[in-house]
Structures are given as structure tokens and as C-alpha cells.
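Heads up: the structure comes next, in C-alpha cells.
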Amino acid sequence: LAAPSRLSDVVIQEKSALWTQFFPVSREKTHQRHGLMALLPEVQQLESGLEELLPQLVTLQGGKTSVPLNFLHVVLGKDAFPSVTDRTLFYNTDDEMKRVIKQSQDIFAKKSELLKAAGVGEISLVLPQPPRHPRFVKFVLDEQEEWSEQEMGRDMWPSFAGMLELGALKRICTLQRIHKEVRPTSHIYLATQPVVGGKS
């Protein structure tokens, strides 16, 4: 789910998986990055799920308070939007998705100290909506150390933003994703360079 994919340890449990991977800074220096994937029945169980599962990452973190490198990936049930009956369009779940995002942000804020102790710097939610492709939401810590949605990662598999180097591109260009005008699984962007000396 996240590059680089060189794993040094994987522990698979009934409804979760815990892994360790190398995070290279340079040829001489690497960091251990840990990830946790969990399957929860519904968003209402997200808070209790964090309380139950995150202590595993806290143990691996070992009290370190450095840059949060660890991942948390959560799959919310077999259908994250049971109240939405019309599935003719991929985006028919938009309204319910906004509710899930707000509810999740509130829970992450409430459990911020636990997430910090676990060294979590990125959270991805997978929101199944059969028979359509699932929805994806990515949360990161902002400058105020609050959990906010990384909108560039909306409806993208968790590793894609890194693989496409969107963060680096966003630092030098204004990116506009035009996926809704094409199809939800397409990743097409319009990149505009900032105006310099009256020219763009």
C-alpha cells in the first residue's frame, strides 16, 4: 500500500495486519517505518478500533517522538454507505462521504495523543461502495498538527500520490485534477506554473 515496498516484517492477524518497511533517507541512512491495516465493520466503530489496535504501533514506536512516519490504513466494512441505494454513478455517495470525513476527523482529533504516541503521520480510509470502485480518503497532519484531508489523495489508492510525486509537483505548480470529467479511476492533472515576471 505504500512505497518503498521492501518489508522487513509482516504480522497478519484475523482482521488486521502490521508491517515494518525501510524508509531510505540516503544510501547510508534508513528509518524503520511501520504500517497498520485494519478492517472495521463501520465508521461508528472507528474510535474503539483505534483504541484496540493502535497500542501495537505504540509498542513498535518505543516512545520515540521524532517525525511521524507510520501509516494507518482502515477499511470500513463491506459497504461504507448503506443508506445510499442509487449506485448508478460513482459519485452518488458524495454527500454521505462528507459526513464520514467529518466524523472521522472528529475521532482523529479526539485520539490525537494516541495517534502521536503511535507515530502515525498518515491515515487512509477505504470506503467500499459495491458494485462501484471504492472511495478513498487520505488524512495528514497539517502545520497546526491537526488531522486534515489531503484532497489531492481523494479517491486514489494510498500509494498513488507518492508514486506520482504529486507532492513535489504541487510545490512548483498549481495542480487541478480533472478526474470527474473523465472517470474516477483516471489520474489526469492540469499543471500551471506560477506567474513570474508577468509570464506564466
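Within each chain, counting starts at residue 1; across the C-alpha cells, chains are named A, B, ... in the order shown, with ligands numbered 1 upward in that order.
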Inset, instruction - Going by DSSP on the backbone, which bits of chain A are strand (DSSP E or B)? Write them as an NGL selection string, please. - result: :A and (7-12 or 16-24 or 30-40 or 70-76 or 120-129 or 132-141 or 147-149 or 174-177 or 189-192 or 196 or 199)
Written file, previous selection with C-alpha atoms, as a PDB file, in the first residue's frame:
ATOM      1  CA  LEU A   7       9.324  -5.123   4.012  1.00  0.00           C
ATOM      2  CA  SER A   8      11.351  -6.497   6.884  1.00  0.00           C
ATOM      3  CA  ASP A   9       8.474  -7.873   8.953  1.00  0.00           C
ATOM      4  CA  VAL A  10       4.765  -8.672   8.495  1.00  0.00           C
ATOM      5  CA  VAL A  11       2.317  -9.884  11.133  1.00  0.00           C
ATOM      6  CA  ILE A  12      -1.128 -10.904   9.846  1.00  0.00           C
ATOM      7  CA  SER A  16      -5.595  -6.538  10.807  1.00  0.00           C
ATOM      8  CA  ALA A  17      -2.036  -6.629   9.550  1.00  0.00           C
ATOM      9  CA  LEU A  18       1.098  -4.968  10.908  1.00  0.00           C
ATOM     10  CA  TRP A  19       4.271  -4.429   8.904  1.00  0.00           C
ATOM     11  CA  THR A  20       7.690  -2.788   9.008  1.00  0.00           C
ATOM     12  CA  GLN A  21       9.430  -1.379   5.954  1.00  0.00           C
ATOM     13  CA  PHE A  22      12.603   0.516   5.158  1.00  0.00           C
ATOM     14  CA  PHE A  23      12.257   4.247   4.603  1.00  0.00           C
ATOM     15  CA  PRO A  24      15.504   5.352   2.902  1.00  0.00           C
ATOM     16  CA  THR A  30      17.393   4.437   6.656  1.00  0.00           C
ATOM     17  CA  HIS A  31      14.465   4.613   9.062  1.00  0.00           C
ATOM     18  CA  GLN A  32      12.034   1.915  10.058  1.00  0.00           C
ATOM     19  CA  ARG A  33       8.513   2.832   9.024  1.00  0.00           C
ATOM     20  CA  HIS A  34       5.591   0.844  10.422  1.00  0.00           C
ATOM     21  CA  GLY A  35       2.145   0.354   8.980  1.00  0.00           C
ATOM     22  CA  LEU A  36      -1.125  -0.980  10.315  1.00  0.00           C
ATOM     23  CA  MET A  37      -4.116  -2.061   8.243  1.00  0.00           C
ATOM     24  CA  ALA A  38      -7.419  -2.816   9.923  1.00  0.00           C
ATOM     25  CA  LEU A  39     -10.881  -3.921   8.846  1.00  0.00           C
ATOM     26  CA  LEU A  40     -13.674  -2.329  10.871  1.00  0.00           C
ATOM     27  CA  ASN A  70       3.924   5.455  10.365  1.00  0.00           C
ATOM     28  CA  PHE A  71       0.833   4.623   8.307  1.00  0.00           C
ATOM     29  CA  LEU A  72      -2.676   3.688   9.334  1.00  0.00           C
ATOM     30  CA  HIS A  73      -4.983   2.152   6.720  1.00  0.00           C
ATOM     31  CA  VAL A  74      -8.590   1.413   7.671  1.00  0.00           C
ATOM     32  CA  VAL A  75     -11.186  -0.404   5.563  1.00  0.00           C
ATOM     33  CA  LEU A  76     -14.697   0.477   6.742  1.00  0.00           C
ATOM     34  CA  VAL A 120       1.176   7.980  12.804  1.00  0.00           C
ATOM     35  CA  GLY A 121       1.650  10.676  10.164  1.00  0.00           C
ATOM     36  CA  GLU A 122      -0.771   9.450   7.520  1.00  0.00           C
ATOM     37  CA  ILE A 123      -4.210   7.849   7.676  1.00  0.00           C
ATOM     38  CA  SER A 124      -6.054   6.328   4.727  1.00  0.00           C
ATOM     39  CA  LEU A 125      -9.693   5.302   4.792  1.00  0.00           C
ATOM     40  CA  VAL A 126     -11.045   2.815   2.268  1.00  0.00           C
ATOM     41  CA  LEU A 127     -14.796   3.212   1.814  1.00  0.00           C
ATOM     42  CA  PRO A 128     -16.359   0.327  -0.140  1.00  0.00           C
ATOM     43  CA  GLN A 129     -19.411   1.144  -2.259  1.00  0.00           C
ATOM     44  CA  ARG A 132     -18.579   0.550  -7.759  1.00  0.00           C
ATOM     45  CA  HIS A 133     -14.883   1.154  -7.209  1.00  0.00           C
ATOM     46  CA  PRO A 134     -14.275   2.067  -3.525  1.00  0.00           C
ATOM     47  CA  ARG A 135     -13.841   5.641  -2.323  1.00  0.00           C
ATOM     48  CA  PHE A 136     -10.525   6.649  -0.714  1.00  0.00           C
ATOM     49  CA  VAL A 137      -9.734   9.463   1.721  1.00  0.00           C
ATOM     50  CA  LYS A 138      -6.275  10.393   2.978  1.00  0.00           C
ATOM     51  CA  PHE A 139      -5.628  12.417   6.144  1.00  0.00           C
ATOM     52  CA  VAL A 140      -2.324  14.032   7.125  1.00  0.00           C
ATOM     53  CA  LEU A 141      -1.116  16.255   9.958  1.00  0.00           C
ATOM     54  CA  TRP A 147      -5.747  15.992  11.025  1.00  0.00           C
ATOM     55  CA  SER A 148      -7.000  17.336   7.690  1.00  0.00           C
ATOM     56  CA  GLU A 149      -7.922  15.688   4.434  1.00  0.00           C
ATOM     57  CA  THR A 174      -0.769  24.548  -9.306  1.00  0.00           C
ATOM     58  CA  LEU A 175      -2.417  21.182  -9.906  1.00  0.00           C
ATOM     59  CA  GLN A 176      -6.018  20.692 -10.953  1.00  0.00           C
ATOM     60  CA  ARG A 177      -7.269  17.155 -11.134  1.00  0.00           C
ATOM     61  CA  TYR A 189      -3.925  16.742 -13.961  1.00  0.00           C
ATOM     62  CA  LEU A 190      -3.617  20.209 -15.379  1.00  0.00           C
ATOM     63  CA  ALA A 191      -0.383  21.784 -14.108  1.00  0.00           C
ATOM     64  CA  THR A 192       0.037  25.556 -14.190  1.00  0.00           C
ATOM     65  CA  VAL A 196       6.987  35.051 -12.895  1.00  0.00           C
ATOM     66  CA  LYS A 199       4.565  35.411 -17.690  1.00  0.00           C
TER      67      LYS A 199
END
Legend entry - Filtered DSSP result for chain A, state alpha helix (DSSP H), as a ChimeraX atom specification: /A:46-61,94-110,112-117,160-163,166-172,179-182
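Interatomic distance, CA of Pro184 (chain A) against CA of Glu151 (chain A): 14.1 Å.
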Legend entry - Gap from CA of Gln61 (chain A) to CA of Glu146 (chain A) - Å, one decimal: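 Result for CA of Gln61 (chain A) versus CA of Glu146 (chain A): 20.2 Å, one decimal.
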Inset, instruction - Tell me which of A:Lys15, A:Lys98, A:Arg171, A:Lys111 sits closest to Pro194 (chain A), counting only C-alpha atoms. - result: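 For Pro194 (chain A), the nearest of the given residues is A:Arg171.
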Inset, instruction - Point out the residue among A:Pro130, A:Ser83, A:Leu50, A:Ala168 with the least atom-to-atom distance to Leu114 (chain A), counting only C-alpha atoms. - result: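 Of the candidates, the smallest distance to Leu114 (chain A) is held by A:Leu50.
Proximity ranking of A:Asp94, A:Glu42, A:Glu51, A:Glu145 relative to Pro82 (chain A) places A:Glu42 first, based on only C-alpha atoms.
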Inset, instruction - Would you mind telling me which residue in A:Asp155, A:Glu113, A:Asp86, A:Asp95 lies nearest to Thr185 (chain A) when using only C-alpha atoms? - result: A:Asp155
